[in-house]
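A quick write-up on the structure given underneath.
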Amino acid sequence: MKADDAGVAGFFEDLPVLMFVLVGVATLVLCGTWVSRNLNAVQVQEELDSLAEDLVNSVMSRLLRPETPGLMPSVTSAQNVDISDIASRVVGERHYLIAIIARYPSYTWLNTGSDNDTALPNTTGYCSRLLNVLDGYGSTIMLEVRAIVW
Amino acid sequence: MCGRFDGESCAQLAVMDAIVFFIGAVLVSNIIMSYVTPLPNHSQGNSIGGDTDPAEILRTFLATSLCESVVVDLGQPFYMDDRTTAAESLAIELLALEAGHDMMQFDRLNGLIHDMLRAVCNPAFEPYLLVLDMDDDLSGPVLSIPCVPEVTKNAYASSTEIPGSGAMVYLAELVLCPTLLPELV
């Protein structure tokens with residue numbers, strides 16, 4: 001590459017300059033696009049996780065009944081709680097799948113609720129919490145309330 | 001840095017300016033991406049890798065019944081019925097250990113406790129329950145179900161106090177060690 005003494009450069013002499021400038025601009029544009037998409041995906045993810053957490057907390061609150069503190073719910077109440085009614089008020093337009101599962105002494109699905117949406121989700125929010133309930137024999141067992149929102 | 005080139009002719013070498021711009025663009029992109037990349041893809045909130053908080057696992061576990069009767073031979077048979085909670089059974093075991101009994105006598109109970117913890121933990125983690133004497137923090141754990149491996153890299157833990165005999169208080173600690181590569185948890 002020669003110095004441009006006359007201040008007038010031929011087209012082919014400027015090609016490397018053009019290449020460096022174009023690649024530099026492309027790098028900045030691609031980086032900006034990627035960052036923007038990533039931030040947007042994180043925001044959507046956080047929103048869905050927060051919604052899933054709200055859903056699980058609502059079901060937990062219905063089971064634990066804060067108005068009667070100290071009273072442990074029973075397995076029967078976990079089986080009979082209307083999950084779909086709670087979920088439809090919490091998640092709004094979003095789709096959901098929620099389950100109450102006995103984790104110990106046996107792994108048993110006690111109650112499930114879903115809006116029966118069959119579309120494949122791109123992003124999902126997830127939350128899971130544990131609680132103790134009384135079974136029919138007076139033993140305290142472990143339940144898990146698990147929700148997926150998309 | 002400047003793209004001016006002081007040669008014999010003091011002329012401007014445009015390609016130097018372009019190279020400086022290109023290097024600047026790459027550096028700026030790298031810096032921005034290095035700040036954005038560590039952002040979590042999943043909210044960690046009350047969970048580890050999407051599963052439940054160890055503090056919640058420990059609290060729920062301690063309040064859960066054994067759901068199986070256990071008989072311990074302490075000279076004479078000691079009977080724990082299926083409604084005995086994990087916290088109560090640990091208190092009994094700690095009392096017996098204080099009285100000089102051997103931990104081997106509680107193998108059945110400790111196996112059951114380990115099964116309870118494994119039932120509620122994410123399969124990507126191996127649970128370990130340690131009980132420490134709060135008055136004697138120099139010695140090791142009074143009870144370890146099962147023995148904790150020496151390497152506990154990337155482990156999660158939570159602890160809570162449990163009552164012992166008289167005024168004694170023990171610290172129950174749940175340690176969750178990843179069984180898979182940390183990147184997959």
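If you're wondering about the labels, chains in the structure tokens are A, B, ... by order shown, residues count from 1 in each chain, ligands from 1 in order shown.
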
Closest atom pairs, segment 45-148 of chain B residues within 9 Å of segment 97-119 of chain A, only C-alpha atoms, as a Markdown table:
```
| residue | atom | partner | partner_atom | distance |
| --- | --- | --- | --- | --- |
| B:Thr64 | CA | A:Tyr104 | CA | 8.5 |
| B:Ser65 | CA | A:Pro105 | CA | 8.9 |
| B:Leu66 | CA | A:Pro105 | CA | 8.1 |
| B:Cys67 | CA | A:Pro105 | CA | 6.5 |
| B:Glu68 | CA | A:Pro105 | CA | 8.8 |
| B:Met116 | CA | A:Tyr104 | CA | 6.6 |
| B:Ala119 | CA | A:Arg103 | CA | 6.0 |
| B:Val120 | CA | A:Arg103 | CA | 5.8 |
```

- Message: Quick one: residues within 8 Å of Leu48 of chain A, only C-alpha atoms, excluding same-chain residues fewer than 3 positions away - as a list in words?
- Response: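 Returned residues: Val44, Gln45, Leu51, Ala52, Thr124, Gly125, Tyr126, Val149 and Trp150 of chain A.
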
- Message: So the first atom is atom CA of Ala86 of chain B and the second is atom CA of Leu62 of chain B; what is the distance between them in Å, to one decimal place?
- Response: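 These two atoms are separated by 4.9 Å.
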
- Between atom CA of Pro127 of chain B and atom CA of Tyr156 of chain B, measure the distance and give it in Å to one decimal.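 Distance reported for this atom pair: 9.6 Å.
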
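Across the model, the gap from atom CA of Phe22 of chain B to atom CA of Val25 of chain A is 7.9 Å.
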
- Message: With DSSP run on the backbone, what are the helix (DSSP H, G or I) residues within segment 43-89 of chain A? I'd like them as JSON, numbers by chain.
- Response: {"A": [43, 44, 45, 46, 47, 48, 49, 50, 51, 52, 53, 54, 55, 56, 57, 58, 59, 60, 61, 62, 63, 64, 75, 76, 77, 78, 79, 80, 83, 84, 85, 86, 87, 88, 89]}

Can those selected residues be exported to a file as a JSON list (two decimals), in the first residue's frame so that it contains N, CA and C atoms?
```json
[["chain", "number", "residue", "atom", "x", "y", "z"],
["A", 43, "GLN", "N", -35.44, -10.40, 29.50],
["A", 43, "GLN", "CA", -36.60, -9.70, 30.07],
["A", 43, "GLN", "C", -37.85, -10.59, 30.00],
["A", 44, "VAL", "N", -38.04, -11.24, 28.85],
["A", 44, "VAL", "CA", -39.20, -12.13, 28.70],
["A", 44, "VAL", "C", -39.09, -13.30, 29.68],
["A", 45, "GLN", "N", -37.87, -13.85, 29.80],
["A", 45, "GLN", "CA", -37.64, -14.97, 30.71],
["A", 45, "GLN", "C", -37.97, -14.59, 32.15],
["A", 46, "GLU", "N", -37.51, -13.41, 32.55],
["A", 46, "GLU", "CA", -37.76, -12.96, 33.93],
["A", 46, "GLU", "C", -39.26, -12.76, 34.17],
["A", 47, "GLU", "N", -39.92, -12.22, 33.16],
["A", 47, "GLU", "CA", -41.36, -11.98, 33.28],
["A", 47, "GLU", "C", -42.10, -13.32, 33.44],
["A", 48, "LEU", "N", -41.71, -14.32, 32.65],
["A", 48, "LEU", "CA", -42.37, -15.63, 32.73],
["A", 48, "LEU", "C", -42.06, -16.32, 34.06],
["A", 49, "ASP", "N", -40.81, -16.23, 34.51],
["A", 49, "ASP", "CA", -40.44, -16.83, 35.81],
["A", 49, "ASP", "C", -41.23, -16.18, 36.93],
["A", 50, "SER", "N", -41.38, -14.87, 36.85],
["A", 50, "SER", "CA", -42.13, -14.15, 37.88],
["A", 50, "SER", "C", -43.60, -14.57, 37.88],
["A", 51, "LEU", "N", -44.13, -14.77, 36.69],
["A", 51, "LEU", "CA", -45.53, -15.21, 36.57],
["A", 51, "LEU", "C", -45.69, -16.63, 37.13],
["A", 52, "ALA", "N", -44.73, -17.50, 36.83],
["A", 52, "ALA", "CA", -44.78, -18.87, 37.35],
["A", 52, "ALA", "C", -44.70, -18.85, 38.88],
["A", 53, "GLU", "N", -43.86, -17.96, 39.40],
["A", 53, "GLU", "CA", -43.72, -17.86, 40.86],
["A", 53, "GLU", "C", -45.03, -17.37, 41.49],
["A", 54, "ASP", "N", -45.66, -16.38, 40.85],
["A", 54, "ASP", "CA", -46.95, -15.88, 41.34],
["A", 54, "ASP", "C", -48.00, -16.99, 41.35],
["A", 55, "LEU", "N", -47.98, -17.80, 40.29],
["A", 55, "LEU", "CA", -48.95, -18.89, 40.17],
["A", 55, "LEU", "C", -48.76, -19.92, 41.29],
["A", 56, "VAL", "N", -47.50, -20.32, 41.50],
["A", 56, "VAL", "CA", -47.21, -21.30, 42.56],
["A", 56, "VAL", "C", -47.57, -20.71, 43.92],
["A", 57, "ASN", "N", -47.23, -19.44, 44.15],
["A", 57, "ASN", "CA", -47.54, -18.81, 45.44],
["A", 57, "ASN", "C", -49.05, -18.74, 45.67],
["A", 58, "SER", "N", -49.81, -18.51, 44.61],
["A", 58, "SER", "CA", -51.27, -18.46, 44.74],
["A", 58, "SER", "C", -51.83, -19.82, 45.15],
["A", 59, "VAL", "N", -51.31, -20.88, 44.51],
["A", 59, "VAL", "CA", -51.78, -22.22, 44.86],
["A", 59, "VAL", "C", -51.36, -22.58, 46.30],
["A", 60, "MET", "N", -50.11, -22.23, 46.64],
["A", 60, "MET", "CA", -49.62, -22.48, 48.02],
["A", 60, "MET", "C", -50.50, -21.75, 49.02],
["A", 61, "SER", "N", -50.83, -20.50, 48.70],
["A", 61, "SER", "CA", -51.64, -19.69, 49.60],
["A", 61, "SER", "C", -53.03, -20.30, 49.78],
["A", 62, "ARG", "N", -53.59, -20.81, 48.68],
["A", 62, "ARG", "CA", -54.91, -21.45, 48.76],
["A", 62, "ARG", "C", -54.84, -22.70, 49.65],
["A", 63, "LEU", "N", -53.73, -23.45, 49.52],
["A", 63, "LEU", "CA", -53.60, -24.69, 50.30],
["A", 63, "LEU", "C", -53.31, -24.39, 51.78],
["A", 64, "LEU", "N", -52.41, -23.43, 52.02],
["A", 64, "LEU", "CA", -51.96, -23.20, 53.40],
["A", 64, "LEU", "C", -52.92, -22.31, 54.19],
["A", 75, "VAL", "N", -53.85, -34.02, 52.22],
["A", 75, "VAL", "CA", -53.66, -34.48, 50.84],
["A", 75, "VAL", "C", -54.95, -34.30, 50.05],
["A", 76, "THR", "N", -56.08, -34.53, 50.72],
["A", 76, "THR", "CA", -57.37, -34.41, 50.04],
["A", 76, "THR", "C", -57.60, -32.98, 49.54],
["A", 77, "SER", "N", -57.22, -32.00, 50.36],
["A", 77, "SER", "CA", -57.41, -30.61, 49.91],
["A", 77, "SER", "C", -56.49, -30.30, 48.73],
["A", 78, "ALA", "N", -55.30, -30.90, 48.71],
["A", 78, "ALA", "CA", -54.40, -30.70, 47.57],
["A", 78, "ALA", "C", -54.96, -31.34, 46.31],
["A", 79, "GLN", "N", -55.66, -32.48, 46.50],
["A", 79, "GLN", "CA", -56.25, -33.16, 45.34],
["A", 79, "GLN", "C", -57.47, -32.41, 44.81],
["A", 80, "ASN", "N", -58.16, -31.73, 45.71],
["A", 80, "ASN", "CA", -59.44, -31.12, 45.31],
["A", 80, "ASN", "C", -59.35, -29.63, 44.97],
["A", 83, "ILE", "N", -57.20, -25.83, 40.59],
["A", 83, "ILE", "CA", -56.00, -25.18, 40.09],
["A", 83, "ILE", "C", -56.31, -24.27, 38.90],
["A", 84, "SER", "N", -57.16, -24.74, 38.02],
["A", 84, "SER", "CA", -57.45, -23.97, 36.80],
["A", 84, "SER", "C", -58.08, -22.63, 37.13],
["A", 85, "ASP", "N", -58.93, -22.60, 38.15],
["A", 85, "ASP", "CA", -59.58, -21.36, 38.55],
["A", 85, "ASP", "C", -58.53, -20.34, 39.03],
["A", 86, "ILE", "N", -57.57, -20.82, 39.85],
["A", 86, "ILE", "CA", -56.52, -19.93, 40.35],
["A", 86, "ILE", "C", -55.64, -19.46, 39.19],
["A", 87, "ALA", "N", -55.25, -20.41, 38.35],
["A", 87, "ALA", "CA", -54.32, -20.11, 37.25],
["A", 87, "ALA", "C", -54.91, -19.10, 36.27],
["A", 88, "SER", "N", -56.18, -19.26, 35.95],
["A", 88, "SER", "CA", -56.78, -18.36, 34.95],
["A", 88, "SER", "C", -56.79, -16.91, 35.46],
["A", 89, "ARG", "N", -56.84, -16.73, 36.80],
["A", 89, "ARG", "CA", -56.84, -15.37, 37.32],
["A", 89, "ARG", "C", -55.42, -14.80, 37.42]]
```

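Neighbours of Val17 of chain A closer than or equal to 7 Å, with only C-alpha atoms counted and sequence neighbours fewer than 2 positions away skipped, come out as Asp14, Leu15, Met19, Phe20 and Val21 of chain A; Ala14, Val15 and Ala18 of chain B.
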
Store the residues picked out above in a file with N, CA and C atoms, as a CSV table (one decimal), in the first residue's frame.
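The file below, selection-v9.csv, is the result:
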```csv
chain,number,residue,atom,x,y,z
A,14,ASP,N,-8.3,1.9,-2.6
A,14,ASP,CA,-9.2,2.1,-1.5
A,14,ASP,C,-9.9,0.9,-1.0
A,15,LEU,N,-9.8,-0.2,-1.8
A,15,LEU,CA,-10.6,-1.4,-1.4
A,15,LEU,C,-10.2,-1.9,0.0
A,19,MET,N,-12.9,-2.3,3.0
A,19,MET,CA,-13.1,-3.6,3.7
A,19,MET,C,-13.0,-3.4,5.2
A,20,PHE,N,-12.0,-2.7,5.7
A,20,PHE,CA,-11.8,-2.5,7.1
A,20,PHE,C,-13.0,-1.8,7.7
A,21,VAL,N,-13.4,-0.7,7.0
A,21,VAL,CA,-14.5,0.1,7.5
A,21,VAL,C,-15.8,-0.7,7.5
B,14,ALA,N,-4.8,6.4,4.4
B,14,ALA,CA,-6.2,6.1,4.8
B,14,ALA,C,-6.4,4.8,5.4
B,15,VAL,N,-5.6,3.8,5.0
B,15,VAL,CA,-5.8,2.4,5.5
B,15,VAL,C,-5.5,2.3,7.0
B,18,ALA,N,-8.6,3.3,8.8
B,18,ALA,CA,-9.6,2.2,8.7
B,18,ALA,C,-9.2,1.1,9.7
```

- Message: Give me, as a count of residues only, the residues of chain A that a backbone DSSP run labels strand (DSSP E).
- Response: 36
